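Single-structure report; data block below.
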Amino acid sequence: MQNNFMIGQISDTHFVDKKHKLFDKYDTYKRFIDAIETCNQLMKTPDFYIISGDLIHDNEIFYKDFFELCNKFKRPIYPMMGNHDKRKALRSFVKSDLIDENGYLNYTISSYPLEIICLDTAIENVIEGTLSESTLDWLEKKLLNNTNKPTIIFMHHPPIEIGSLLFDHIKCNNGKEFISLISKYKNVKEVIFGHVHCSFSEIINGVEFSSCPSASIQYPIGAKSDKNLELDTTGFIKLINYNDGTISKENIKIKN
Ligand SMILES: [Fe+2]
């Protein structure tokens, strides 16, 4: 097994097709193309990409163009569910081994020295998230199988509050249950989420909980309301680098 590898993470693309704009204003079609080009021009190409939810904004017909563009990535992609995604439609675009026996997009990537677990936290057509009972059972089985391998967990909704009035009430609503489950497994090193459209990091009981900022638009973490909010149109990708047992992370600006 290789001692070094890199994950590219892209989150909250809120993709729309060429004819539309996000909120009638933001060109997330072009932004996604820019994100792919930024990835393809990196000095070192990630081994694979995790796209951590809210792939499309609001209409499942956008998946077709989204996944056609994904063919331009030089490496495999692993799509995840977000609250804006449509599970049934998304399932038809992903390989069957990314779907668990209950139809959730819960899967592991196991061929690297870090065990990678991707969790489906979406409740369809609801903004907040949850880990269903079957997902928590699935997670516990996976953790039990690999108690000695360092593990990193990806999920769309944060399991913790980040200090944002806009996002804390729409987080994963049973995050406490999740944290008490993973606290039994000292090999869980990091939890990385999307959804919050900003950069955040906190260490709780030795586990780092951090966000991947959005590839489309950022919300200020201190915003009190989303009315007349000036959004930052800088998009980011995240690089997660594993080097001989050490994990380092970096957010890279998407080039326009
Ligand atoms: Fe979201």
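Each chain in the structure tokens gets a letter, A, B, ..., in the order shown, and its residues are numbered from 1; ligands are numbered from 1 in order too.
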Do a neighbour search on stretch 131-143 of chain A at 10 Å with only C-alpha atoms, toss out local chain neighbours closer than 6 positions, and write the hits as a PDB file with N, CA, C and O atoms, in the first residue's frame.
ATOM      1  N   ASP A 100     -25.522   1.594  -0.290  1.00  0.00           N
ATOM      2  CA  ASP A 100     -25.626   0.501   0.688  1.00  0.00           C
ATOM      3  C   ASP A 100     -26.943  -0.268   0.514  1.00  0.00           C
ATOM      4  O   ASP A 100     -27.767   0.075  -0.340  1.00  0.00           O
ATOM      5  N   GLU A 101     -27.139  -1.296   1.322  1.00  0.00           N
ATOM      6  CA  GLU A 101     -28.305  -2.180   1.114  1.00  0.00           C
ATOM      7  C   GLU A 101     -29.635  -1.473   1.385  1.00  0.00           C
ATOM      8  O   GLU A 101     -30.686  -1.961   1.004  1.00  0.00           O
ATOM      9  N   ASN A 102     -29.582  -0.315   2.031  1.00  0.00           N
ATOM     10  CA  ASN A 102     -30.811   0.448   2.274  1.00  0.00           C
ATOM     11  C   ASN A 102     -31.002   1.592   1.283  1.00  0.00           C
ATOM     12  O   ASN A 102     -31.898   2.418   1.451  1.00  0.00           O
ATOM     13  N   TYR A 104     -28.908   4.082   0.679  1.00  0.00           N
ATOM     14  CA  TYR A 104     -28.163   5.309   0.995  1.00  0.00           C
ATOM     15  C   TYR A 104     -26.791   5.295   0.308  1.00  0.00           C
ATOM     16  O   TYR A 104     -26.209   4.228   0.082  1.00  0.00           O
ATOM     17  N   LEU A 105     -26.277   6.478   0.034  1.00  0.00           N
ATOM     18  CA  LEU A 105     -24.917   6.570  -0.520  1.00  0.00           C
ATOM     19  C   LEU A 105     -23.904   6.569   0.630  1.00  0.00           C
ATOM     20  O   LEU A 105     -23.288   7.579   0.954  1.00  0.00           O
ATOM     21  N   ASN A 106     -23.797   5.411   1.272  1.00  0.00           N
ATOM     22  CA  ASN A 106     -22.791   5.184   2.311  1.00  0.00           C
ATOM     23  C   ASN A 106     -21.763   4.232   1.733  1.00  0.00           C
ATOM     24  O   ASN A 106     -22.128   3.154   1.243  1.00  0.00           O
ATOM     25  N   TYR A 107     -20.502   4.622   1.748  1.00  0.00           N
ATOM     26  CA  TYR A 107     -19.475   3.740   1.178  1.00  0.00           C
ATOM     27  C   TYR A 107     -18.114   4.023   1.791  1.00  0.00           C
ATOM     28  O   TYR A 107     -17.920   5.055   2.451  1.00  0.00           O
ATOM     29  N   THR A 108     -17.210   3.077   1.567  1.00  0.00           N
ATOM     30  CA  THR A 108     -15.832   3.259   2.035  1.00  0.00           C
ATOM     31  C   THR A 108     -14.895   3.201   0.835  1.00  0.00           C
ATOM     32  O   THR A 108     -15.204   2.591  -0.191  1.00  0.00           O
ATOM     33  N   GLU A 115      -8.349   4.730   6.030  1.00  0.00           N
ATOM     34  CA  GLU A 115      -9.676   4.242   5.662  1.00  0.00           C
ATOM     35  C   GLU A 115     -10.578   5.461   5.455  1.00  0.00           C
ATOM     36  O   GLU A 115     -10.599   6.368   6.294  1.00  0.00           O
ATOM     37  N   ILE A 117     -14.351   6.916   4.893  1.00  0.00           N
ATOM     38  CA  ILE A 117     -15.772   6.567   5.022  1.00  0.00           C
ATOM     39  C   ILE A 117     -16.597   7.769   4.589  1.00  0.00           C
ATOM     40  O   ILE A 117     -16.390   8.886   5.080  1.00  0.00           O
ATOM     41  N   CYS A 118     -17.488   7.556   3.641  1.00  0.00           N
ATOM     42  CA  CYS A 118     -18.361   8.641   3.165  1.00  0.00           C
ATOM     43  C   CYS A 118     -19.787   8.329   3.597  1.00  0.00           C
ATOM     44  O   CYS A 118     -20.304   7.245   3.302  1.00  0.00           O
ATOM     45  N   LEU A 119     -20.400   9.282   4.305  1.00  0.00           N
ATOM     46  CA  LEU A 119     -21.723   9.058   4.900  1.00  0.00           C
ATOM     47  C   LEU A 119     -22.800   9.893   4.218  1.00  0.00           C
ATOM     48  O   LEU A 119     -22.560  11.048   3.840  1.00  0.00           O
ATOM     49  N   ASP A 120     -23.948   9.314   4.117  1.00  0.00           N
ATOM     50  CA  ASP A 120     -25.123   9.980   3.539  1.00  0.00           C
ATOM     51  C   ASP A 120     -25.940  10.560   4.703  1.00  0.00           C
ATOM     52  O   ASP A 120     -26.522   9.818   5.497  1.00  0.00           O
ATOM     53  N   THR A 121     -25.959  11.889   4.811  1.00  0.00           N
ATOM     54  CA  THR A 121     -26.683  12.540   5.918  1.00  0.00           C
ATOM     55  C   THR A 121     -27.967  13.223   5.444  1.00  0.00           C
ATOM     56  O   THR A 121     -28.587  13.960   6.218  1.00  0.00           O
ATOM     57  N   ALA A 122     -28.338  13.004   4.191  1.00  0.00           N
ATOM     58  CA  ALA A 122     -29.455  13.797   3.654  1.00  0.00           C
ATOM     59  C   ALA A 122     -30.819  13.198   3.991  1.00  0.00           C
ATOM     60  O   ALA A 122     -31.004  11.982   4.000  1.00  0.00           O
ATOM     61  N   ILE A 123     -31.757  14.087   4.287  1.00  0.00           N
ATOM     62  CA  ILE A 123     -33.174  13.719   4.401  1.00  0.00           C
ATOM     63  C   ILE A 123     -33.791  14.394   3.185  1.00  0.00           C
ATOM     64  O   ILE A 123     -33.748  15.625   3.080  1.00  0.00           O
ATOM     65  N   LYS A 149      -6.855   0.823  11.677  1.00  0.00           N
ATOM     66  CA  LYS A 149      -6.469   1.649  10.520  1.00  0.00           C
ATOM     67  C   LYS A 149      -6.933   3.081  10.737  1.00  0.00           C
ATOM     68  O   LYS A 149      -8.114   3.307  11.019  1.00  0.00           O
ATOM     69  N   THR A 151      -8.593   6.486  10.251  1.00  0.00           N
ATOM     70  CA  THR A 151      -9.837   6.651   9.485  1.00  0.00           C
ATOM     71  C   THR A 151     -10.221   8.116   9.403  1.00  0.00           C
ATOM     72  O   THR A 151     -10.070   8.875  10.358  1.00  0.00           O
ATOM     73  N   ILE A 153     -13.566  10.518   8.091  1.00  0.00           N
ATOM     74  CA  ILE A 153     -14.988  10.419   7.723  1.00  0.00           C
ATOM     75  C   ILE A 153     -15.420  11.693   7.009  1.00  0.00           C
ATOM     76  O   ILE A 153     -15.146  12.806   7.480  1.00  0.00           O
ATOM     77  N   MET A 155     -18.812  13.727   5.488  1.00  0.00           N
ATOM     78  CA  MET A 155     -20.276  13.814   5.558  1.00  0.00           C
ATOM     79  C   MET A 155     -20.692  15.205   5.081  1.00  0.00           C
ATOM     80  O   MET A 155     -19.903  16.151   5.207  1.00  0.00           O
ATOM     81  N   HIS A 157     -23.500  17.188   6.053  1.00  0.00           N
ATOM     82  CA  HIS A 157     -23.918  18.067   7.157  1.00  0.00           C
ATOM     83  C   HIS A 157     -22.939  17.980   8.323  1.00  0.00           C
ATOM     84  O   HIS A 157     -22.554  16.878   8.715  1.00  0.00           O
ATOM     85  N   PRO A 159     -21.726  17.562  12.056  1.00  0.00           N
ATOM     86  CA  PRO A 159     -22.360  16.962  13.236  1.00  0.00           C
ATOM     87  C   PRO A 159     -22.290  17.873  14.448  1.00  0.00           C
ATOM     88  O   PRO A 159     -22.752  17.518  15.521  1.00  0.00           O
ATOM     89  N   CYS A 172     -26.449  18.310  11.021  1.00  0.00           N
ATOM     90  CA  CYS A 172     -26.885  16.926  11.220  1.00  0.00           C
ATOM     91  C   CYS A 172     -27.532  16.847  12.603  1.00  0.00           C
ATOM     92  O   CYS A 172     -26.867  17.097  13.612  1.00  0.00           O
ATOM     93  N   ASN A 173     -28.829  16.505  12.653  1.00  0.00           N
ATOM     94  CA  ASN A 173     -29.572  16.690  13.901  1.00  0.00           C
ATOM     95  C   ASN A 173     -29.254  15.653  14.985  1.00  0.00           C
ATOM     96  O   ASN A 173     -29.671  15.815  16.123  1.00  0.00           O
ATOM     97  N   ASN A 174     -28.550  14.584  14.614  1.00  0.00           N
ATOM     98  CA  ASN A 174     -28.127  13.643  15.671  1.00  0.00           C
ATOM     99  C   ASN A 174     -26.596  13.526  15.717  1.00  0.00           C
ATOM    100  O   ASN A 174     -26.044  12.438  15.924  1.00  0.00           O
ATOM    101  N   GLY A 175     -25.962  14.681  15.554  1.00  0.00           N
ATOM    102  CA  GLY A 175     -24.496  14.728  15.600  1.00  0.00           C
ATOM    103  C   GLY A 175     -23.925  14.227  16.913  1.00  0.00           C
ATOM    104  O   GLY A 175     -22.847  13.631  16.940  1.00  0.00           O
ATOM    105  N   GLU A 177     -25.037  11.828  18.793  1.00  0.00           N
ATOM    106  CA  GLU A 177     -25.026  10.358  18.740  1.00  0.00           C
ATOM    107  C   GLU A 177     -23.826   9.877  17.906  1.00  0.00           C
ATOM    108  O   GLU A 177     -23.132   8.917  18.255  1.00  0.00           O
ATOM    109  N   PHE A 178     -23.599  10.588  16.799  1.00  0.00           N
ATOM    110  CA  PHE A 178     -22.463  10.271  15.916  1.00  0.00           C
ATOM    111  C   PHE A 178     -21.145  10.418  16.681  1.00  0.00           C
ATOM    112  O   PHE A 178     -20.274   9.543  16.633  1.00  0.00           O
ATOM    113  N   LEU A 181     -20.568   7.726  19.134  1.00  0.00           N
ATOM    114  CA  LEU A 181     -20.197   6.473  18.451  1.00  0.00           C
ATOM    115  C   LEU A 181     -18.718   6.508  18.046  1.00  0.00           C
ATOM    116  O   LEU A 181     -17.950   5.590  18.376  1.00  0.00           O
ATOM    117  N   ILE A 182     -18.291   7.584  17.373  1.00  0.00           N
ATOM    118  CA  ILE A 182     -16.894   7.562  16.889  1.00  0.00           C
ATOM    119  C   ILE A 182     -15.895   7.694  18.036  1.00  0.00           C
ATOM    120  O   ILE A 182     -14.747   7.284  17.889  1.00  0.00           O
ATOM    121  N   LYS A 184     -15.635   5.954  20.485  1.00  0.00           N
ATOM    122  CA  LYS A 184     -15.205   4.617  20.921  1.00  0.00           C
ATOM    123  C   LYS A 184     -14.057   4.081  20.048  1.00  0.00           C
ATOM    124  O   LYS A 184     -13.471   3.057  20.358  1.00  0.00           O
ATOM    125  N   TYR A 185     -13.810   4.769  18.935  1.00  0.00           N
ATOM    126  CA  TYR A 185     -12.820   4.275  17.971  1.00  0.00           C
ATOM    127  C   TYR A 185     -11.709   5.305  17.828  1.00  0.00           C
ATOM    128  O   TYR A 185     -11.863   6.309  17.116  1.00  0.00           O
ATOM    129  N   ASN A 187      -9.097   5.296  16.322  1.00  0.00           N
ATOM    130  CA  ASN A 187      -8.464   5.413  14.995  1.00  0.00           C
ATOM    131  C   ASN A 187      -9.165   6.417  14.084  1.00  0.00           C
ATOM    132  O   ASN A 187      -8.679   6.732  13.004  1.00  0.00           O
ATOM    133  N   VAL A 188     -10.322   6.955  14.520  1.00  0.00           N
ATOM    134  CA  VAL A 188     -10.973   8.014  13.719  1.00  0.00           C
ATOM    135  C   VAL A 188     -10.226   9.313  13.983  1.00  0.00           C
ATOM    136  O   VAL A 188     -10.208   9.821  15.103  1.00  0.00           O
TER     137      VAL A 188
END
Open item on the list: With only C-alpha atoms as the counted atoms, please give the residues lying no more than 6 Å from stretch 52-58 of chain A, apart from itself and same-chain residues fewer than 5 positions off, as a ChimeraX atom specification.
Closed with: /A:11-15,80-82,84-85,156
Those same residues - N, CA, C and O atoms - I'd like them written as an mmCIF file, in the first residue's frame.
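The resulting again.cif:
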data_model
loop_
_atom_site.group_PDB
_atom_site.id
_atom_site.type_symbol
_atom_site.label_atom_id
_atom_site.label_comp_id
_atom_site.auth_asym_id
_atom_site.auth_seq_id
_atom_site.Cartn_x
_atom_site.Cartn_y
_atom_site.Cartn_z
ATOM 1 N N SER A 11 -16.914 20.680 -2.857
ATOM 2 C CA SER A 11 -18.168 20.618 -2.111
ATOM 3 C C SER A 11 -19.139 21.692 -2.564
ATOM 4 O O SER A 11 -18.721 22.773 -3.000
ATOM 5 N N ASP A 12 -20.411 21.385 -2.459
ATOM 6 C CA ASP A 12 -21.453 22.411 -2.633
ATOM 7 C C ASP A 12 -21.279 23.194 -3.936
ATOM 8 O O ASP A 12 -21.219 24.424 -3.937
ATOM 9 N N THR A 13 -21.225 22.425 -5.017
ATOM 10 C CA THR A 13 -21.085 23.060 -6.341
ATOM 11 C C THR A 13 -22.387 23.739 -6.771
ATOM 12 O O THR A 13 -22.367 24.633 -7.608
ATOM 13 N N HIS A 14 -23.529 23.278 -6.243
ATOM 14 C CA HIS A 14 -24.840 23.865 -6.578
ATOM 15 C C HIS A 14 -24.951 24.109 -8.083
ATOM 16 O O HIS A 14 -25.347 25.187 -8.535
ATOM 17 N N PHE A 15 -24.607 23.058 -8.819
ATOM 18 C CA PHE A 15 -24.521 23.157 -10.277
ATOM 19 C C PHE A 15 -25.893 23.402 -10.913
ATOM 20 O O PHE A 15 -26.896 22.807 -10.521
ATOM 21 N N MET A 80 -21.202 12.382 -3.236
ATOM 22 C CA MET A 80 -21.942 12.164 -1.991
ATOM 23 C C MET A 80 -23.276 12.908 -2.044
ATOM 24 O O MET A 80 -23.448 13.848 -2.812
ATOM 25 N N MET A 81 -24.175 12.516 -1.171
ATOM 26 C CA MET A 81 -25.483 13.182 -1.076
ATOM 27 C C MET A 81 -25.400 14.449 -0.215
ATOM 28 O O MET A 81 -24.778 14.446 0.843
ATOM 29 N N GLY A 82 -26.066 15.524 -0.662
ATOM 30 C CA GLY A 82 -26.294 16.713 0.150
ATOM 31 C C GLY A 82 -27.790 16.979 0.190
ATOM 32 O O GLY A 82 -28.574 16.276 -0.465
ATOM 33 N N HIS A 84 -29.484 19.258 -1.177
ATOM 34 C CA HIS A 84 -30.049 19.666 -2.463
ATOM 35 C C HIS A 84 -30.109 18.518 -3.473
ATOM 36 O O HIS A 84 -30.688 18.674 -4.537
ATOM 37 N N ASP A 85 -29.486 17.390 -3.140
ATOM 38 C CA ASP A 85 -29.449 16.281 -4.095
ATOM 39 C C ASP A 85 -30.715 15.429 -4.029
ATOM 40 O O ASP A 85 -31.447 15.477 -3.044
ATOM 41 N N HIS A 156 -21.886 15.322 4.512
ATOM 42 C CA HIS A 156 -22.287 16.649 4.016
ATOM 43 C C HIS A 156 -22.612 17.605 5.169
ATOM 44 O O HIS A 156 -22.072 18.700 5.257
#
Open item on the list: Applying 12 Å and only C-alpha atoms, which residues near A:Ser111 remain after dropping the ones on its own chain fewer than 6 positions away? List them as a PyMOL selection string.
Closed with: chain A and resi 1-3+5+47-48+117+149
Open item on the list: Would you compute the distance between atom CA of A:His169 and atom CA of A:Ala89? Give it in Å to one decimal.
Closed with: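 Distance reported for this atom pair: 26.9 Å.
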Task: Nearby residues (only C-alpha atoms) at most 10 Å from A:Ile247, same-chain spacing under 2 positions excluded, as a list in words - done: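 Once the nearby chain positions are removed, what remains is Asn4, Phe5, Met6, Leu114, Ile152, Lys189, Glu190, Ile240, Asn241, Tyr242, Asn243, Asp244, Gly245 and Lys249 of chain A.
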Task: Option closest in space to A:Arg31, from A:Leu69, A:Ile109, A:Ile50, A:Ile170 [counting only C-alpha atoms] - done: A:Leu69
Tell me, which residues of stretch 42-220 of chain A carry DSSP helix (DSSP H, G or I), written as a PDB file with N, CA and C atoms, in the first residue's frame?
ATOM      1  N   PHE A  62     -30.180  18.499 -13.976  1.00  0.00           N
ATOM      2  CA  PHE A  62     -28.805  19.034 -14.076  1.00  0.00           C
ATOM      3  C   PHE A  62     -27.733  17.951 -13.894  1.00  0.00           C
ATOM      4  N   TYR A  63     -28.121  16.787 -13.335  1.00  0.00           N
ATOM      5  CA  TYR A  63     -27.105  15.742 -13.119  1.00  0.00           C
ATOM      6  C   TYR A  63     -26.441  15.301 -14.423  1.00  0.00           C
ATOM      7  N   LYS A  64     -27.228  15.285 -15.499  1.00  0.00           N
ATOM      8  CA  LYS A  64     -26.679  14.775 -16.761  1.00  0.00           C
ATOM      9  C   LYS A  64     -25.465  15.615 -17.186  1.00  0.00           C
ATOM     10  N   ASP A  65     -25.631  16.928 -17.221  1.00  0.00           N
ATOM     11  CA  ASP A  65     -24.508  17.811 -17.603  1.00  0.00           C
ATOM     12  C   ASP A  65     -23.394  17.747 -16.558  1.00  0.00           C
ATOM     13  N   PHE A  66     -23.792  17.667 -15.292  1.00  0.00           N
ATOM     14  CA  PHE A  66     -22.793  17.624 -14.215  1.00  0.00           C
ATOM     15  C   PHE A  66     -21.865  16.420 -14.402  1.00  0.00           C
ATOM     16  N   PHE A  67     -22.471  15.246 -14.604  1.00  0.00           N
ATOM     17  CA  PHE A  67     -21.634  14.049 -14.698  1.00  0.00           C
ATOM     18  C   PHE A  67     -20.902  13.965 -16.037  1.00  0.00           C
ATOM     19  N   GLU A  68     -21.459  14.580 -17.070  1.00  0.00           N
ATOM     20  CA  GLU A  68     -20.701  14.641 -18.328  1.00  0.00           C
ATOM     21  C   GLU A  68     -19.423  15.450 -18.129  1.00  0.00           C
ATOM     22  N   LEU A  69     -19.552  16.582 -17.423  1.00  0.00           N
ATOM     23  CA  LEU A  69     -18.364  17.399 -17.143  1.00  0.00           C
ATOM     24  C   LEU A  69     -17.381  16.654 -16.238  1.00  0.00           C
ATOM     25  N   CYS A  70     -17.901  15.819 -15.345  1.00  0.00           N
ATOM     26  CA  CYS A  70     -17.014  15.065 -14.442  1.00  0.00           C
ATOM     27  C   CYS A  70     -16.041  14.162 -15.203  1.00  0.00           C
ATOM     28  N   ARG A  87     -31.829  11.659  -4.167  1.00  0.00           N
ATOM     29  CA  ARG A  87     -31.138  10.372  -3.991  1.00  0.00           C
ATOM     30  C   ARG A  87     -31.426   9.398  -5.129  1.00  0.00           C
ATOM     31  N   LYS A  88     -32.707   9.308  -5.521  1.00  0.00           N
ATOM     32  CA  LYS A  88     -33.064   8.312  -6.548  1.00  0.00           C
ATOM     33  C   LYS A  88     -32.360   8.650  -7.865  1.00  0.00           C
ATOM     34  N   ALA A  89     -32.391   9.918  -8.227  1.00  0.00           N
ATOM     35  CA  ALA A  89     -31.757  10.328  -9.485  1.00  0.00           C
ATOM     36  C   ALA A  89     -30.243  10.158  -9.398  1.00  0.00           C
ATOM     37  N   LEU A  90     -29.670  10.535  -8.276  1.00  0.00           N
ATOM     38  CA  LEU A  90     -28.209  10.451  -8.132  1.00  0.00           C
ATOM     39  C   LEU A  90     -27.737   8.995  -8.193  1.00  0.00           C
ATOM     40  N   ARG A  91     -28.541   8.092  -7.598  1.00  0.00           N
ATOM     41  CA  ARG A  91     -28.154   6.677  -7.612  1.00  0.00           C
ATOM     42  C   ARG A  91     -27.931   6.164  -9.030  1.00  0.00           C
ATOM     43  N   SER A  96     -22.768   0.919  -8.359  1.00  0.00           N
ATOM     44  CA  SER A  96     -23.602   0.279  -7.335  1.00  0.00           C
ATOM     45  C   SER A  96     -22.852   0.077  -6.016  1.00  0.00           C
ATOM     46  N   ASP A  97     -21.506   0.007  -6.064  1.00  0.00           N
ATOM     47  CA  ASP A  97     -20.793  -0.203  -4.795  1.00  0.00           C
ATOM     48  C   ASP A  97     -20.725   1.066  -3.938  1.00  0.00           C
ATOM     49  N   LEU A  98     -21.304   2.158  -4.403  1.00  0.00           N
ATOM     50  CA  LEU A  98     -21.396   3.367  -3.576  1.00  0.00           C
ATOM     51  C   LEU A  98     -22.774   3.465  -2.902  1.00  0.00           C
ATOM     52  N   GLU A 133     -30.953   5.456  11.377  1.00  0.00           N
ATOM     53  CA  GLU A 133     -30.561   4.336  12.235  1.00  0.00           C
ATOM     54  C   GLU A 133     -29.735   3.317  11.460  1.00  0.00           C
ATOM     55  N   SER A 134     -30.172   3.051  10.208  1.00  0.00           N
ATOM     56  CA  SER A 134     -29.434   2.044   9.429  1.00  0.00           C
ATOM     57  C   SER A 134     -28.052   2.557   9.049  1.00  0.00           C
ATOM     58  N   THR A 135     -27.924   3.874   8.850  1.00  0.00           N
ATOM     59  CA  THR A 135     -26.600   4.431   8.527  1.00  0.00           C
ATOM     60  C   THR A 135     -25.678   4.333   9.743  1.00  0.00           C
ATOM     61  N   LEU A 136     -26.218   4.606  10.934  1.00  0.00           N
ATOM     62  CA  LEU A 136     -25.382   4.490  12.140  1.00  0.00           C
ATOM     63  C   LEU A 136     -24.937   3.031  12.348  1.00  0.00           C
ATOM     64  N   ASP A 137     -25.833   2.084  12.081  1.00  0.00           N
ATOM     65  CA  ASP A 137     -25.464   0.653  12.188  1.00  0.00           C
ATOM     66  C   ASP A 137     -24.381   0.306  11.171  1.00  0.00           C
ATOM     67  N   TRP A 138     -24.587   0.800   9.957  1.00  0.00           N
ATOM     68  CA  TRP A 138     -23.617   0.551   8.873  1.00  0.00           C
ATOM     69  C   TRP A 138     -22.245   1.109   9.279  1.00  0.00           C
ATOM     70  N   LEU A 139     -22.253   2.342   9.834  1.00  0.00           N
ATOM     71  CA  LEU A 139     -21.003   2.986  10.239  1.00  0.00           C
ATOM     72  C   LEU A 139     -20.308   2.168  11.330  1.00  0.00           C
ATOM     73  N   GLU A 140     -21.079   1.734  12.308  1.00  0.00           N
ATOM     74  CA  GLU A 140     -20.458   0.983  13.408  1.00  0.00           C
ATOM     75  C   GLU A 140     -19.822  -0.307  12.894  1.00  0.00           C
ATOM     76  N   LYS A 141     -20.491  -0.978  11.961  1.00  0.00           N
ATOM     77  CA  LYS A 141     -19.908  -2.208  11.386  1.00  0.00           C
ATOM     78  C   LYS A 141     -18.593  -1.902  10.689  1.00  0.00           C
ATOM     79  N   LYS A 142     -18.571  -0.817   9.925  1.00  0.00           N
ATOM     80  CA  LYS A 142     -17.336  -0.456   9.208  1.00  0.00           C
ATOM     81  C   LYS A 142     -16.225  -0.117  10.199  1.00  0.00           C
ATOM     82  N   LEU A 143     -16.554   0.596  11.262  1.00  0.00           N
ATOM     83  CA  LEU A 143     -15.536   0.960  12.246  1.00  0.00           C
ATOM     84  C   LEU A 143     -15.006  -0.287  12.958  1.00  0.00           C
ATOM     85  N   LEU A 144     -15.915  -1.217  13.262  1.00  0.00           N
ATOM     86  CA  LEU A 144     -15.502  -2.455  13.936  1.00  0.00           C
ATOM     87  C   LEU A 144     -14.564  -3.290  13.074  1.00  0.00           C
ATOM     88  N   ASN A 145     -14.739  -3.187  11.747  1.00  0.00           N
ATOM     89  CA  ASN A 145     -13.907  -3.966  10.816  1.00  0.00           C
ATOM     90  C   ASN A 145     -12.478  -3.463  10.732  1.00  0.00           C
ATOM     91  N   ASP A 168     -26.273  26.560  11.891  1.00  0.00           N
ATOM     92  CA  ASP A 168     -26.289  25.673  13.064  1.00  0.00           C
ATOM     93  C   ASP A 168     -27.641  24.969  13.270  1.00  0.00           C
ATOM     94  N   HIS A 169     -28.724  25.589  12.832  1.00  0.00           N
ATOM     95  CA  HIS A 169     -30.020  24.915  13.023  1.00  0.00           C
ATOM     96  C   HIS A 169     -30.340  23.948  11.879  1.00  0.00           C
ATOM     97  N   ILE A 170     -29.460  23.873  10.896  1.00  0.00           N
ATOM     98  CA  ILE A 170     -29.689  22.911   9.793  1.00  0.00           C
ATOM     99  C   ILE A 170     -28.499  21.951   9.653  1.00  0.00           C
ATOM    100  N   GLY A 175     -25.962  14.681  15.554  1.00  0.00           N
ATOM    101  CA  GLY A 175     -24.496  14.728  15.600  1.00  0.00           C
ATOM    102  C   GLY A 175     -23.925  14.227  16.913  1.00  0.00           C
ATOM    103  N   LYS A 176     -24.668  14.453  18.015  1.00  0.00           N
ATOM    104  CA  LYS A 176     -24.151  14.014  19.326  1.00  0.00           C
ATOM    105  C   LYS A 176     -24.032  12.488  19.371  1.00  0.00           C
ATOM    106  N   GLU A 177     -25.037  11.828  18.793  1.00  0.00           N
ATOM    107  CA  GLU A 177     -25.026  10.358  18.740  1.00  0.00           C
ATOM    108  C   GLU A 177     -23.826   9.877  17.906  1.00  0.00           C
ATOM    109  N   PHE A 178     -23.599  10.588  16.799  1.00  0.00           N
ATOM    110  CA  PHE A 178     -22.463  10.271  15.916  1.00  0.00           C
ATOM    111  C   PHE A 178     -21.145  10.418  16.681  1.00  0.00           C
ATOM    112  N   ILE A 179     -21.019  11.530  17.425  1.00  0.00           N
ATOM    113  CA  ILE A 179     -19.757  11.785  18.131  1.00  0.00           C
ATOM    114  C   ILE A 179     -19.548  10.740  19.230  1.00  0.00           C
ATOM    115  N   SER A 180     -20.629  10.367  19.909  1.00  0.00           N
ATOM    116  CA  SER A 180     -20.415   9.362  20.954  1.00  0.00           C
ATOM    117  C   SER A 180     -20.067   8.012  20.321  1.00  0.00           C
ATOM    118  N   LEU A 181     -20.568   7.726  19.134  1.00  0.00           N
ATOM    119  CA  LEU A 181     -20.197   6.473  18.451  1.00  0.00           C
ATOM    120  C   LEU A 181     -18.718   6.508  18.046  1.00  0.00           C
ATOM    121  N   ILE A 182     -18.291   7.584  17.373  1.00  0.00           N
ATOM    122  CA  ILE A 182     -16.894   7.562  16.889  1.00  0.00           C
ATOM    123  C   ILE A 182     -15.895   7.694  18.036  1.00  0.00           C
TER     124      ILE A 182
END
TODO: Provide the atom CA of A:Asn251 to atom CA of A:Ser199 distance in Å, to one decimal place.
DONE: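 Here the two named atoms are 8.7 Å from each other.
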TODO: Please measure the separation of atom CA of A:Ile192 and atom CA of A:Glu124, giving the value in Å to one decimal.
DONE: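 Between atom CA of A:Ile192 and atom CA of A:Glu124 the gap works out to 21.1 Å.
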Task: Nearest residue to ligand 1 from the set A:Ile254, A:Ile160, A:Val126, A:Leu165 (distances using only C-alpha atoms and all ligand atoms) - done: A:Val126
Open item on the list: What parts of stretch 85-197 of chain A does DSSP call strand (DSSP E)? I'd like the answer as a ChimeraX atom specification.
Closed with: /A:107-109,115-119,151-155,188-193
Task: For stretch 225-229 of chain A: contacts at 8 Å, only C-alpha atoms, fewer than 2 positions along chain excluded, given as a list in words - done: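 Here the qualifying residues turn out to be Leu165, Leu166, Ala223 and Leu231 of chain A.
In this comparison, which uses only C-alpha atoms, the residue of A:Pro79, A:Ser164, A:Asn59, A:Ser210 approaching A:His20 most closely is A:Asn59.
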